[in-house]
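These notes concern the structure reproduced below.
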Amino acid sequence: MIELIDVSLKYDNETVALDDINLKIDDGEFVFIVGSSGAGKSSIIKLLLRERKSSYGVVKVNGFNLNKMKSRKIPEFRRSLGVVFQDFRLIPTLNVFDNVAFSLRVTNASTRYIRTRVPYILNLMGLEAKAKRFPHEISGGEQQRVALARALVNDPPLIIADEPTGNVDPELSYEIVNLLKGINECGTTIVMVTHEHDIVRHFGGRTISIEHGRIMFDEVIGGHHEGE
Ligand code: ADP
């Protein structure tokens with residue numbers, strides 16, 4: 001569960017990036033956060049990942065109160081969520097299998113578990129044939145699917161996707177969101193930040209619109225192609 005209560009974020013130069021944000025995202029939801037450039041979307045992500053602390057208010061994610069959390073708890077907190085970035089952030093020197101396995105290795109998972117879990121997730125993402133390829137040897141859409149596989153492999157209750165379709169071809173954007181939808185149907189909470197209104201209109205669902213650091217609307221909108 002995510003809860004922001006009266007949250008404001010001011011950067012050092014006094015820019016008010018977020019101004020009195022209140023929102024609650026329950027377990028199992030799929031939520032789009034939309035807004036134009038400079039609206040405050042990345043600032044929300046930074047708060048949710050505890051890359052920054054809010055200047056005012058309370059930020060709670062997965063049972064952690066991020067304002068009060070001690071630094072030594074941050075690794076444990078970060079393991080409770082999966083993150084997907086616009087620029088994929090794969091490790092260029094590791095092949096697809098090892099990029100995904102990396103997430104498990106840092107949690108000291110056994111080799112035996114890694115050998116079964118990684119192929120299972122790669123299969124789920126349609127990447128079984130790419131396991132031995134390196135990131136530069138696969139397409140942008142495939143790289144983003146590897147990033148999704150890496151976010152999923154620890155089975156986190158929450159996935160935060162920051163403009164996950166920003167660097168993939170338009171037709172593959174829909175595929176990425178369809179994969180996220182499928183993951184959500186298995187119970188994982190998904191928060192996806194995007195500035196692509198076409199995608200939001202296509203899929204519909206709960207949409208939180210941010211402008212000038214404030215919530216403009218928070219409502220469920222109907223998609224054009226539901227059930228596709
Ligand atoms: P978005 O992700 O929607 O494009 P941001 O959250 O990045 O918006 O930015 C919100 C506001 O905060 C903008 O006015 C931006 O210029 C400002 N901002 C973002 N990061 C910083 C920073 N590190 N220092 C100062 N101002 C910042």
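By convention here, the chains of the structure tokens are called A, B, ... in the order presented, each chain's residues are numbered starting at 1, and ligands are numbered starting at 1 in the order presented.
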Practice prompt. Within 9 Å of Gly166 in chain A, counting only C-alpha atoms, which residues show up once you throw out same-chain ones fewer than 2 positions away? Write them as a list in words, please.
Written response: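 In the requested form, the answer reads Phe85, Gln86, Asp87, Asp162, Glu163, Pro164, Val168, Asp169, Pro170, Ser173, Thr194, His195 and Glu196 of chain A.
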Mind writing the picked residues with all heavy atoms as a compact mmCIF listing (two decimals), in the first residue's frame?
# COMPACT_ATOMS: atom_id res chain seq x y z
N PHE A 85 12.75 1.46 -15.24
CA PHE A 85 13.05 2.83 -15.66
C PHE A 85 12.92 2.98 -17.17
O PHE A 85 13.03 2.02 -17.93
CB PHE A 85 14.49 3.20 -15.26
CG PHE A 85 14.72 3.18 -13.78
CD1 PHE A 85 15.31 2.08 -13.17
CD2 PHE A 85 14.36 4.25 -12.99
CE1 PHE A 85 15.54 2.04 -11.80
CE2 PHE A 85 14.57 4.22 -11.62
CZ PHE A 85 15.16 3.12 -11.03
N GLN A 86 12.79 4.22 -17.59
CA GLN A 86 12.69 4.54 -19.02
C GLN A 86 13.92 4.06 -19.80
O GLN A 86 13.82 3.58 -20.91
CB GLN A 86 12.55 6.06 -19.16
CG GLN A 86 12.48 6.54 -20.59
CD GLN A 86 12.19 8.02 -20.66
OE1 GLN A 86 12.06 8.69 -19.64
NE2 GLN A 86 12.08 8.53 -21.85
N ASP A 87 15.11 4.20 -19.16
CA ASP A 87 16.35 3.85 -19.86
C ASP A 87 16.85 2.45 -19.48
O ASP A 87 18.03 2.16 -19.59
CB ASP A 87 17.43 4.91 -19.61
CG ASP A 87 17.67 5.12 -18.12
OD1 ASP A 87 17.00 4.47 -17.31
OD2 ASP A 87 18.54 5.93 -17.76
N ASP A 162 8.67 3.86 -14.21
CA ASP A 162 8.85 5.28 -14.49
C ASP A 162 9.03 5.47 -16.00
O ASP A 162 10.10 5.19 -16.52
CB ASP A 162 10.08 5.79 -13.73
CG ASP A 162 10.23 7.29 -13.85
OD1 ASP A 162 9.36 7.95 -14.45
OD2 ASP A 162 11.25 7.81 -13.35
N GLU A 163 7.99 5.89 -16.69
CA GLU A 163 8.01 6.07 -18.15
C GLU A 163 8.57 4.82 -18.84
O GLU A 163 9.50 4.92 -19.66
CB GLU A 163 8.86 7.28 -18.54
CG GLU A 163 8.37 8.59 -17.97
CD GLU A 163 7.38 9.32 -18.89
OE1 GLU A 163 6.97 8.73 -19.91
OE2 GLU A 163 7.01 10.45 -18.56
N PRO A 164 8.03 3.63 -18.55
CA PRO A 164 8.64 2.40 -19.09
C PRO A 164 8.54 2.29 -20.60
O PRO A 164 9.26 1.50 -21.20
CB PRO A 164 7.84 1.28 -18.41
CG PRO A 164 6.51 1.89 -18.14
CD PRO A 164 6.80 3.33 -17.80
N VAL A 168 10.78 2.85 -26.17
CA VAL A 168 10.48 1.71 -27.04
C VAL A 168 9.52 2.16 -28.14
O VAL A 168 8.82 3.16 -27.99
CB VAL A 168 9.91 0.49 -26.26
CG1 VAL A 168 10.88 0.03 -25.19
CG2 VAL A 168 8.57 0.81 -25.64
N ASP A 169 9.49 1.41 -29.24
CA ASP A 169 8.62 1.78 -30.36
C ASP A 169 7.16 1.80 -29.91
O ASP A 169 6.77 1.01 -29.04
CB ASP A 169 8.77 0.77 -31.50
CG ASP A 169 10.17 0.82 -32.09
OD1 ASP A 169 10.83 1.86 -31.91
OD2 ASP A 169 10.60 -0.16 -32.70
N PRO A 170 6.35 2.68 -30.53
CA PRO A 170 4.95 2.81 -30.09
C PRO A 170 4.20 1.48 -30.00
O PRO A 170 3.53 1.22 -29.01
CB PRO A 170 4.34 3.72 -31.16
CG PRO A 170 5.48 4.51 -31.67
CD PRO A 170 6.69 3.64 -31.59
N SER A 173 5.15 -0.32 -27.00
CA SER A 173 4.68 0.33 -25.77
C SER A 173 3.45 -0.40 -25.24
O SER A 173 3.32 -0.64 -24.04
CB SER A 173 4.28 1.78 -26.04
OG SER A 173 5.38 2.51 -26.46
N THR A 194 3.61 8.06 -16.72
CA THR A 194 3.73 8.25 -18.17
C THR A 194 3.26 9.64 -18.56
O THR A 194 2.46 10.25 -17.86
CB THR A 194 2.92 7.18 -18.94
OG1 THR A 194 3.11 7.38 -20.33
CG2 THR A 194 1.43 7.25 -18.62
N HIS A 195 3.79 10.13 -19.69
CA HIS A 195 3.22 11.37 -20.23
C HIS A 195 2.47 11.06 -21.51
O HIS A 195 2.01 11.95 -22.21
CB HIS A 195 4.31 12.42 -20.45
CG HIS A 195 5.26 12.04 -21.53
ND1 HIS A 195 6.38 11.28 -21.30
CD2 HIS A 195 5.24 12.28 -22.86
CE1 HIS A 195 7.00 11.08 -22.45
NE2 HIS A 195 6.32 11.67 -23.41
N GLU A 196 2.34 9.75 -21.82
CA GLU A 196 1.70 9.35 -23.07
C GLU A 196 0.20 9.14 -22.87
O GLU A 196 -0.26 8.10 -22.42
CB GLU A 196 2.36 8.08 -23.59
CG GLU A 196 3.80 8.33 -24.03
CD GLU A 196 4.49 7.08 -24.53
OE1 GLU A 196 4.09 6.58 -25.60
OE2 GLU A 196 5.40 6.59 -23.85
So which residues touch His136 in chain A within 12 Å, counting only C-alpha atoms, skipping near sequence neighbours fewer than 4 positions away, as a tab-separated table (two decimals) with all heavy atoms, in the first residue's frame?
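So the final result, stored in result-v5.tsv, reads:
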chain	number	residue	atom	x	y	z
A	88	PHE	N	15.95	1.59	-19.05
A	88	PHE	CA	16.18	0.16	-18.79
A	88	PHE	C	17.17	-0.13	-17.64
A	88	PHE	O	16.92	-0.94	-16.80
A	88	PHE	CB	16.65	-0.60	-20.04
A	88	PHE	CG	15.97	-0.18	-21.34
A	88	PHE	CD1	16.71	0.04	-22.48
A	88	PHE	CD2	14.60	0.00	-21.41
A	88	PHE	CE1	16.10	0.43	-23.68
A	88	PHE	CE2	13.97	0.39	-22.59
A	88	PHE	CZ	14.73	0.61	-23.72
A	89	ARG	N	18.33	0.53	-17.69
A	89	ARG	CA	19.36	0.35	-16.66
A	89	ARG	C	19.80	-1.10	-16.48
A	89	ARG	O	19.91	-1.61	-15.35
A	89	ARG	CB	18.91	0.95	-15.32
A	89	ARG	CG	18.62	2.43	-15.46
A	89	ARG	CD	18.60	3.15	-14.16
A	89	ARG	NE	18.01	4.47	-14.38
A	89	ARG	CZ	17.78	5.37	-13.46
A	89	ARG	NH1	18.09	5.10	-12.20
A	89	ARG	NH2	17.24	6.53	-13.74
A	90	LEU	N	20.02	-1.79	-17.60
A	90	LEU	CA	20.56	-3.14	-17.52
A	90	LEU	C	22.08	-3.04	-17.37
A	90	LEU	O	22.68	-2.02	-17.71
A	90	LEU	CB	20.21	-3.92	-18.79
A	90	LEU	CG	18.71	-4.05	-19.05
A	90	LEU	CD1	18.46	-4.75	-20.38
A	90	LEU	CD2	18.02	-4.79	-17.91
A	91	ILE	N	22.69	-4.11	-16.88
A	91	ILE	CA	24.15	-4.11	-16.74
A	91	ILE	C	24.74	-4.60	-18.07
A	91	ILE	O	24.48	-5.74	-18.48
A	91	ILE	CB	24.59	-5.01	-15.57
A	91	ILE	CG1	23.94	-4.50	-14.27
A	91	ILE	CG2	26.12	-5.03	-15.45
A	91	ILE	CD1	24.09	-5.42	-13.09
A	92	PRO	N	25.48	-3.73	-18.78
A	92	PRO	CA	25.89	-4.04	-20.15
A	92	PRO	C	26.81	-5.25	-20.27
A	92	PRO	O	26.85	-5.91	-21.31
A	92	PRO	CB	26.60	-2.77	-20.64
A	92	PRO	CG	26.88	-1.96	-19.42
A	92	PRO	CD	25.92	-2.39	-18.36
A	93	THR	N	27.56	-5.55	-19.19
A	93	THR	CA	28.53	-6.64	-19.26
A	93	THR	C	27.93	-7.99	-18.86
A	93	THR	O	28.62	-9.00	-18.86
A	93	THR	CB	29.71	-6.35	-18.31
A	93	THR	OG1	29.16	-6.06	-17.02
A	93	THR	CG2	30.52	-5.17	-18.80
A	94	LEU	N	26.65	-8.01	-18.50
A	94	LEU	CA	26.00	-9.28	-18.13
A	94	LEU	C	24.98	-9.65	-19.19
A	94	LEU	O	24.30	-8.78	-19.74
A	94	LEU	CB	25.29	-9.14	-16.79
A	94	LEU	CG	26.13	-8.85	-15.54
A	94	LEU	CD1	25.23	-8.79	-14.31
A	94	LEU	CD2	27.21	-9.92	-15.36
A	95	ASN	N	24.85	-10.96	-19.46
A	95	ASN	CA	23.83	-11.37	-20.42
A	95	ASN	C	22.44	-11.29	-19.75
A	95	ASN	O	22.32	-10.96	-18.57
A	95	ASN	CB	24.14	-12.75	-21.03
A	95	ASN	CG	24.05	-13.88	-20.01
A	95	ASN	OD1	23.39	-13.76	-18.97
A	95	ASN	ND2	24.73	-14.98	-20.29
A	96	VAL	N	21.42	-11.58	-20.55
A	96	VAL	CA	20.04	-11.43	-20.09
A	96	VAL	C	19.79	-12.26	-18.83
A	96	VAL	O	19.24	-11.78	-17.84
A	96	VAL	CB	19.07	-11.82	-21.23
A	96	VAL	CG1	17.65	-12.03	-20.72
A	96	VAL	CG2	19.11	-10.75	-22.33
A	130	LYS	N	16.44	-15.53	-25.54
A	130	LYS	CA	17.41	-14.43	-25.48
A	130	LYS	C	18.34	-14.52	-24.26
A	130	LYS	O	19.13	-13.61	-24.02
A	130	LYS	CB	16.69	-13.07	-25.41
A	130	LYS	CG	15.63	-12.88	-26.48
A	130	LYS	CD	16.24	-12.57	-27.82
A	130	LYS	CE	15.17	-12.52	-28.89
A	130	LYS	NZ	15.69	-12.26	-30.22
A	132	LYS	N	21.03	-15.82	-23.39
A	132	LYS	CA	22.50	-15.69	-23.48
A	132	LYS	C	22.93	-14.41	-24.20
A	132	LYS	O	24.12	-14.16	-24.36
A	132	LYS	CB	23.08	-16.91	-24.20
A	132	LYS	CG	22.90	-18.20	-23.39
A	132	LYS	CD	23.99	-19.21	-23.73
A	132	LYS	CE	24.05	-20.35	-22.74
A	132	LYS	NZ	23.15	-21.46	-23.11
A	140	GLY	N	15.20	-2.58	-28.14
A	140	GLY	CA	14.75	-1.77	-26.99
A	140	GLY	C	13.58	-2.39	-26.27
A	140	GLY	O	13.54	-2.44	-25.04
A	141	GLY	N	12.62	-2.91	-27.05
A	141	GLY	CA	11.46	-3.56	-26.43
A	141	GLY	C	11.88	-4.78	-25.61
A	141	GLY	O	11.35	-5.02	-24.52
A	142	GLU	N	12.84	-5.53	-26.15
A	142	GLU	CA	13.33	-6.71	-25.42
A	142	GLU	C	14.10	-6.29	-24.17
A	142	GLU	O	13.97	-6.92	-23.11
A	142	GLU	CB	14.21	-7.57	-26.34
A	142	GLU	CG	13.39	-8.34	-27.37
A	142	GLU	CD	14.21	-8.88	-28.53
A	142	GLU	OE1	15.40	-8.50	-28.69
A	142	GLU	OE2	13.65	-9.66	-29.31
A	143	GLN	N	14.88	-5.23	-24.30
A	143	GLN	CA	15.62	-4.75	-23.12
A	143	GLN	C	14.63	-4.35	-22.02
A	143	GLN	O	14.86	-4.61	-20.84
A	143	GLN	CB	16.49	-3.54	-23.48
A	143	GLN	CG	17.68	-3.92	-24.34
A	143	GLN	CD	18.58	-2.73	-24.60
A	143	GLN	OE1	19.03	-2.05	-23.69
A	143	GLN	NE2	18.83	-2.46	-25.87
Worksheet entry | Which residue of A:Phe97, A:Tyr174, A:Phe102, A:Phe32 approaches Asn123 in chain A most closely, using only C-alpha atoms |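 Answer, going by the shortest atom-to-atom distance: A:Phe97.
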Worksheet entry | Nearest residue to ligand 1 from the set A:Val193, A:Ile2, A:Cys186, A:Leu49 (distances using only C-alpha atoms and all ligand atoms) | A:Val193
Discussion item. Given only C-alpha atoms and all ligand atoms as the basis, pick out the residue of A:Ser103, A:Asn62, A:Ser209, A:Ser139 nearest to ligand 1.
Written reply: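 Ranked by minimum distance to ligand 1, first place goes to A:Ser209.
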Worksheet item: Neighbours of ligand 1 within 7 Å, counting only C-alpha atoms and all ligand atoms, as a list in words?
Response: Tyr11, Asp12, Asn13, Thr15, Val16, Ala17, Gly35, Ser36, Ser37, Gly38, Ala39, Gly40, Lys41, Ser42, Ser43, Ile44 and Gly213 of chain A
Worksheet item: With distances taken over only C-alpha atoms, which of A:Met125, A:Phe30, A:Leu9, A:Ile114 is nearest to Val220 in chain A?
Response: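 That would be A:Phe30, the residue with the smallest distance to Val220 in chain A.
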Item to complete: Could you find all residues in range 34-222 of chain A that DSSP calls alpha helix (DSSP H) from the backbone, and write them as a PyMOL selection string?
Response: chain A and resi 41-48+74-78+96-105+111-124+140-152+170-185+197-203
Item to complete: Using DSSP on the backbone coordinates, identify all residues within range 20-55 of chain A classified as strand (DSSP E or B); present the result as a PyMOL selection string.
Response: chain A and resi 20-25+30-34
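CA of Asp218 in chain A to CA of Asn178 in chain A spans 21.9 Å [interatomic distance, one decimal].
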